Each structure stands twice: as C-alpha cells, then as structure tokens.
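This report concerns only the one structure given below.
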Amino acid sequence: MQSAVAKENRMARGVAWTIVGVHFILLLISLPDYRVSIDSGYHISLARWYAAHGSAWWDHINFGPGGRPNLQGPALHIAIAIFGRILGGSADAFILANAMLGIAQWTAAILTVIYFARRLGGDLAAMFAVALLAGSAFAAGSFYVGIPSGWLFIAIPWAIYFFLEDRLMLATLIASASCYVHLGGFVTVPVGIAIAAAMERRWRALAVVAAGTAMLTSPYWIHFLANLSWYRGRHGHEALRLDPLIDLLALAGLLWLLRRPRDHKFLLAWAAAPVVWLIQDPNRFALQSMLAGSVIAGLFLAELTNHLNAKSARFAFASALVFITTVFPLGIPSLIAEAAWDRGLQFPRAEDWEEARGLAQVVSENHLNGRLLSVYETSFGPAIAVFTPVVLYRGHWVEVQPRHDPADDLSAAIPVYVVPVAPNDPVLLAMRGAQLVRIYGGTSNCAVIDLTKPADPRAIAPLVRTIMADNSQWLADHSINNKMPPASAIVKLFSPNALEARQGTMDVQRFHAGRMEIACLIYSYAIEAQQPDEAHRLRNEARGFGSIAGFISDGDPIGYLGDGQFEQWRRDMSAFAAAIRSAGDVPFASPVVQSITEKLFAEFFGNAA
C-alpha cells in the first residue's frame with residue numbers, strides 16, 4: 001500500500017482533536033447512565049454468565065427451557081465479564097463495564113479514521129473525516145453503544161492494511177479476533193483481505209493468512225458447524241437509520257475513487273468488505289460502513305478544498321463544512337444528542353435498566369427464578385436477566401433457535417409473563433377478580449403475572465371478544481406512530497415535561513395493545529385442553545400483540561414503521577375489531593378473524609427479514 005505524503009496543517013489538526021475532545025467529554029459525562037442498544041441486555045447477561053461459569057458453550061438464558069448452543073462471538077462478552085468482575089461483580093458493575101467498552105470502541109473508531117485519513121490525505125482529510133463520523137448521530141452512535149459488530153468494522157481496515165504491508169502475522173491475528181468478536185467476522189474481514197489479495201495478486205500471502213485464521217478460529221467454527229442446524233439467519237426488527245450528509249459524501253467520494261481504482265486498492269477493499277451485510281443487516285451496513293465512508297469522504301473533501309486557489313476560499317469552504325457536519329449534518333447531530341442525554345433528556349432510551357431492575361426484583365422476591373419467563377418483547381427479556389437469573393421463552397438473537405421449541409409444548413400456565421400493562425390496569429384487575437390471573441407486581445409500564453386456572457370458554461368468550469374489539473378499535477382510531485418528530489419539532493422534546501407528556505401518550509396506546517395480549521392468553525388457556533393446536537396459535541398471537549405494544553411505545557423501535565405502513569396497520573385493526581365483534585360465540589375460530597389477524601401481523605412486522 002502506497003501512503004501519501006502527509007500534508008501538514010496544524011489548524012486542521014487542532015480542529016480535529018478539538019472535535020474528538022468535545023465528543024469524548026460528553027460521552028464520559030454520560031457513563032453513569034450510558035446510552036446503549038437493545039442488544040446490550042443480551043450481551044451483558046451473557047457476560048455475567050461467563051463471569052460466573054468461565055465458559056458459555058451453551059446459552060442457558062435464551063430459548064428456555066432447554067436453552068440453545070451459544071453461537072455468538074465470545075470476545076466482547078468475556079471482556080465485559082473481566083471488567084465487570086474487576087469493578088465489583090454487581091449488575092451495575094457489568095453495565096458500567098459495557099459502557100466503558102462502548103467509549104473505548106468509539107475512541108478506537110475515531111482513531112482509526114484519523115490514522116488512515118491522515119496517512120492517505122493529510123491533516124485536512126483527517127479533519128473532515130472526523131467531523132463527519134463524530135458529527136453524525138446514528139453512525140457515531142453505532143460505535144459508542146459498544147455492540148460487537150462495531151469492533152468487527154474497526155478490524156476491517158487494520159487487517160487489510162497489515163496484509164498489504166506484508167505483516168501477515170498481524171493480519172492473521174486481527175482477522176481471527178474479528179471472528180471471535182462477531183460471527184459475521186468470518187464473511188467480512190477475510191473477504192476484505194481476499195479482495196486486497198486479488199487486486200495485488202498475492203495468492204501465497206492470502207493462503208498463509210487464511211490457513212492461520214482457520215487454525216486460530218477452529219474452536220469457534222467447529223462449534224458453529226456442529227450446531228449448524230440451530231442457525232436460522234433470521235434477523236430481528238430494526239429501523240433503518242441514515243445520516244444523509246455522510247452517506248451522500250461517502251458515495252460521491254467512492255465514485256471519485258473508482259475513476260482510478262488501481263491507485264486506491266486499500267480503500268476499495270475496505271469499502272467492499274462489509275457488502276455482504278446488505279443481505280443480513282442493511283441498517284448495520286448503512287451505519288458502520290461509514291467508518292470507511294468517512295475516510296473516503298474526507299479525502300474527497302480535502303481534494304475539493306485543495307482545488308480552490310485562494311487561501312481565504314479554502315479556509316471558508318473548510319470552516320463551513322466543519323460547521324455543517326457538526327451542527328446540521330442533514331440529520332440528527334451527535335453534539336445535540338449527546339449534550340441532551342447528559343442534561344437528563346434520555347430519548348430515545350433503547351434499554352431501560354430501571355424498568356428491568358424493578359421487574360427483576362419482582363421475579364426474585366416472589367421466587368420465580370425457576371419459572372420460564374415470557375416477556376412481551378423478546379429483546380427486553382435479557383435486560384431482566386442482567387439483574388437476576390432467569391430462563392427466557394424465545395429470547396434475544398433469533399438467528400439461533402430450535403426448529404421445534406420445546407416451550408411450545410408446555411401449558412400456558414407454566415410460564416410467568418411480563419405483560420405491557422401496569423399492575424393496576426383495569427382489565428388485569430378484572431381477570432384477577434375472576435381468579436384467572438395472579439399479579440405479582442411490576443412497574444408503571446409492565447406487570448408480572450401468571451395464569452391460575454383455565455376459564456370456561458363459553459363464559460369468558462363474550463368478555464374476551466369485547467376486550468379485543470374495544471382495544472383494537474381504539475388503536476385504529478387514536479394510536480400515533482412511534483417515530484422521531486420532524487427536525488422542526490424535535491427541539492420541543494428537549495425538556496423533561498415534554499418527554500414525560502410524550503411517554504404518557506405512548507403508554508396509553510401501549511396498554512391497549514397489552515390488554516389484547518392478556519385477553520388472548522386467557523382464552524388460549526381456556527381452550528388448551530380441548531383444542532391444543534388452536535391454543536398454541538393464540539399464544540403466538542398474544543405474543544404478537546405484546547410485541548406490537550412495545551413497538552408503538554418503547555424507545556428502541558422508534559422509526560421502525562413508515563407512516564404508510566402504520567396507517568395500513570390502523571385500517572387492519574379496525575377491520576379486526578369489526579370482524580371479531582360479529583364472530584359469534586367462538587370468536588378466534590372465525591376464518592375471517594384468522595385471515596385479518598394474519599394480515600395485520602404480516603403488514604405490521606413487514607420490515608422483518
């Protein structure tokens with residue numbers, strides 16, 4: 001790899017490090033209540049398992065009662081386990097360890113951008129690259145939340161760089177580490193090295209790195225292949241989040257590079273390596289491939305700046321670009337998002353640790369740890385496992401699951417349920433009054449319950465039909481899409497009162513969907529002995545309504561549904577309400593009700609791969 005002669009520019013270097021310093025301080029301030037992703041509960045709960053048991057070849061937390069093989073890359077979990085133990089070993093210590101590693105990941109991403117942008121284009125390119133990556137809320141956030149794929153994307157350029165520099169041992173070690181960080185490492189970093197090898201026709205060096213990587217990662221890939229039948233490759237629900245400015249400039253820079261591809265082999269191999277993620281996880285690709293995108297865009301902008309003849313024009317152009325990328329990058333600026341979080345305006349909150357702590361306390365105090373725990377939203381279940389040992393029904397990371405889940409064969413009375421309604425919800429209290437449920441406690445958003453006895457299907461059918469029809473019609477008439485406000489209105493959320501009012505609005509619609517989950521569960525248990533297959537279908541529908549409750553109220557799925565898709569779902573809910581009102585004494589058996597139910601779930605969760 002041929003490095004460009006560094007173009008010294010002290011002012012640009014000072015601006016770059018100032019940008020890094022400001023963002024680093026804002027992230028450091030947020031450590032006591034750090035922004036995380038919906039995956040964090042899963043990673044931290046597995047890290048606690050590593051800390052307690054030393055290894056985790058089998059995942060005993062998710063997909064109970066039997067568990068599943070743990071095919072997740074262990075590197076981050078082990079790192080959290082080590083730092084969590086050093087920090088004291090409590091749940092909060094592991095959460096803090098995860099936050100510290102998140103800041104470390106963001107720092108590594110920023111330093112990677114600085115190193116390669118400066119090496120290839122000088123201080124001005126590095127300044128632009130840092131301003132773009134650090135200033136774009138979604139791209140920067142995808143690294144500082146500390147998920148495993150972030151380390152994988154950071155490893156890509158270093159492995160390719162060391163390969164092209166003929167430092168094959170380092171390339172092999174980094175490629176191997178990337179595989180242990182994330183399963184996707186096997187089809188990302190090695191692909192980048194292979195592309196670089198093809199460009200340089202260095203087949204012998206490729207064989208050496210491939211053989212070394214295969215040997216070093218053999219415990220992992222042998223374990224994976226031995227349990228291949230468990231792997232589904234199914235991806236969970238996720239909103240596509242874009243930072244338009246960095247995306248557009250990265251694309252422009254890429255087209256600029258392609259004019260002379262032989263001069264930019266390293267950058268093109270880096271940019272091409274993660275393309276396979278477009279198939280499995282387009283959102284992750286769009287966000288974390290901007291590590292390469294920011295460098296490419298930085299080089300492109302530096303080239304444009306250097307084409308300006310007047311020094312004053314170059315200064316004005318560069319200053320305007322840095323200002324725009326910091327204050328208005330055609331999307332949400334990181335600076336505002338990070339500063340608002342530090343002020344106590346935690347929106348959107350992907351993982352509510354206090355909610356999870358409260359629910360875990362209810363589970364622990366009522367000695368429910370030995371019971372299968374069914375949580376309304378599967379991704380939230382592991383957050384409860386961070387605070388108390390639980391075994392989850394259909395847990396997180398749905399790529400790995402049994403072909404037939406043994407939990408499906410259990411009675412509806414076996415699990416303990418976390419449902420998305422408050423413990424004092426009138427529907428829940430009515431069911432308790434009929435001695436159909438037991439309420440153990442909960443929080444303002446969720447209740448921990450179980451089913452105490454099956455109802456008489458004929459006696460309970462009219463009540464269930466009314467609950468389903470009334471609440472679905474309310475959602476059809478009144479629910480609003482759970483999305484970010486437009487840029488012109490987002491400033492209205494920068495106050496505790498505004499956030500509280502918004503959450504109150506979302507909670508109301510959450511509870512309506514939650515009541516539908518409870519009604520489905522009650523009726524499912526009522527018909528279980530006589531119609532087990534129909535009961536199983538209704539339990540799945542109950543989980544569907546519970547998941548809908550989360551999607552229309554929780555923090556992580558903000559922006560998942562487009563307005564058109566959401567309006568179609570509202571129309572489906574209205575049709576469902578009409579159908580179930582006229583369904584007769586056996587409401588869920590109606591073919592019309594079944595058809596409309598399938599349609600509304602399919603159209604609501606249509607973004608799921």
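Each chain in the structure tokens gets a letter, A, B and so on, in the order shown; residues start at 1 in every chain, and ligands are counted from 1 in the order they appear.
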Excluding stretch 352-360 of chain A and its own-chain neighbours fewer than 4 positions away, which residues fall within 6 Å of it when counting only C-alpha atoms? Please give them as a PDB file with N, CA and C atoms, in the first residue's frame.
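That gives us part10.pdb:
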```pdb
ATOM      1  N   ALA A 383     -32.476  -8.082  29.462  1.00  0.00           N
ATOM      2  CA  ALA A 383     -32.168  -6.982  30.385  1.00  0.00           C
ATOM      3  C   ALA A 383     -32.584  -7.353  31.797  1.00  0.00           C
ATOM      4  N   ILE A 384     -33.675  -8.102  31.953  1.00  0.00           N
ATOM      5  CA  ILE A 384     -34.077  -8.589  33.273  1.00  0.00           C
ATOM      6  C   ILE A 384     -33.052  -9.592  33.784  1.00  0.00           C
ATOM      7  N   PHE A 387     -30.070  -8.604  35.986  1.00  0.00           N
ATOM      8  CA  PHE A 387     -30.239  -8.321  37.415  1.00  0.00           C
ATOM      9  C   PHE A 387     -30.598  -9.551  38.242  1.00  0.00           C
ATOM     10  N   THR A 388     -31.149 -10.568  37.616  1.00  0.00           N
ATOM     11  CA  THR A 388     -31.488 -11.780  38.365  1.00  0.00           C
ATOM     12  C   THR A 388     -31.511 -12.955  37.394  1.00  0.00           C
ATOM     13  N   GLY A 442     -44.966  -5.256  39.652  1.00  0.00           N
ATOM     14  CA  GLY A 442     -44.460  -4.730  38.393  1.00  0.00           C
ATOM     15  C   GLY A 442     -44.000  -3.295  38.521  1.00  0.00           C
TER      16      GLY A 442
END
```
A:Val416 surroundings by only C-alpha atoms, 9 Å radius, close-in-sequence under 4 positions cut, as a ChimeraX atom specification: /A:363,368,371-375,448-451
Nearest-residue call for A:Ala250, choices A:Thr217, A:Ser289, A:Thr378, A:Ser178, using only C-alpha atoms: A:Ser289
Spatial neighbours of A:Gly370, max dist 10 Å, only C-alpha atoms, sep filter under 4 positions, as a list in words: Pro65, Val363, Ser364, Pro389, Val390, Val391, Pro415 and Val416 of chain A
Each residue of stretch 56-155 of chain A with at least one atom at most 10 Å from stretch 327-341 of chain A should appear once, together with its nearest atom pair and the corresponding distance in Å (one decimal); atoms considered: only C-alpha atoms; ordering: chain, then increasing residue number; output as a tab-separated table.
```
residue	atom	partner	partner_atom	distance
A:Ala131	CA	A:Pro329	CA	9.8
A:Leu132	CA	A:Pro329	CA	7.9
A:Leu133	CA	A:Ser334	CA	9.2
A:Ala134	CA	A:Ser334	CA	6.8
A:Gly135	CA	A:Ser334	CA	5.0
A:Ser136	CA	A:Ser334	CA	5.4
A:Ala137	CA	A:Ser334	CA	4.0
A:Phe138	CA	A:Ile332	CA	7.7
A:Ala139	CA	A:Ser334	CA	9.0
A:Ala140	CA	A:Ser334	CA	7.2
A:Gly141	CA	A:Ser334	CA	7.8
```
Residue list (strand (DSSP E or B), DSSP) for stretch 372-425 of chain A, as a list in words: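 Here are the strand (DSSP E or B) residues of stretch 372-425 of chain A: Leu372, Leu373, Ser374, Val375, Val391, Leu392, Val400, Val416, Tyr417, Val418 and Val419 of chain A.
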Atom CA of A:Ala129 to atom CA of A:Ala194, straight-line distance in Å: 25.9 Å
Close residues, stretch 466-468 of chain A itself excluded, 9 Å, only C-alpha atoms, min 2 positions apart in chain, as a PyMOL selection string: chain A and resi 427+461-464+470-473+513+515-517+519-520+576-577+580-581
Spatial neighbours of A:Ala125, 8 Å, only C-alpha atoms, chain gap at least 3 places, as an NGL selection string: :A and (117-118 or 121-122 or 128-129 or 295 or 298-302)
Expected file: the selected residues, C-alpha atoms, as a compact mmCIF listing (two decimals), in the first residue's frame:
```txt
# COMPACT_ATOMS: atom_id res chain seq x y z
CA ALA A 117 -7.39 9.65 6.57
CA ARG A 118 -4.24 11.47 7.63
CA GLY A 121 -4.72 12.58 2.57
CA GLY A 122 -3.13 14.61 5.33
CA PHE A 128 -13.17 16.27 7.51
CA ALA A 129 -13.35 12.54 8.22
CA VAL A 295 -12.37 8.43 5.37
CA GLY A 298 -12.69 13.15 3.99
CA LEU A 299 -10.20 12.51 1.18
CA PHE A 300 -12.73 13.71 -1.39
CA LEU A 301 -13.46 16.92 0.51
CA ALA A 302 -9.76 17.59 1.04
```
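Nearest to A:Arg502 of all the residues A:Asn283, A:Ser524, A:Asn98, A:Ser553 is A:Ser553, based on only C-alpha atoms.
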In stretch 569-601 of chain A, DSSP helix (DSSP H, G or I) residues written as a ChimeraX atom specification: /A:569-581,587-589,591-601
How close does stretch 57-140 of chain A get to stretch 10-20 of chain A? List, as a tab-separated table, each residue of stretch 57-140 of chain A within 7 Å, its nearest atom pair and the distance in Å to one decimal, counting only C-alpha atoms.
```
residue	atom	partner	partner_atom	distance
A:Asp123	CA	A:Arg13	CA	5.5
A:Leu124	CA	A:Ala12	CA	5.4
A:Met127	CA	A:Ala16	CA	4.6
A:Val130	CA	A:Ala16	CA	6.3
A:Ala131	CA	A:Ile19	CA	6.8
```
Residues within 7 Å of A:Ala196, only C-alpha atoms, excluding chain neighbours under 2 positions, as a PyMOL selection string: chain A and resi 160+192-194+198-200+265-266+269
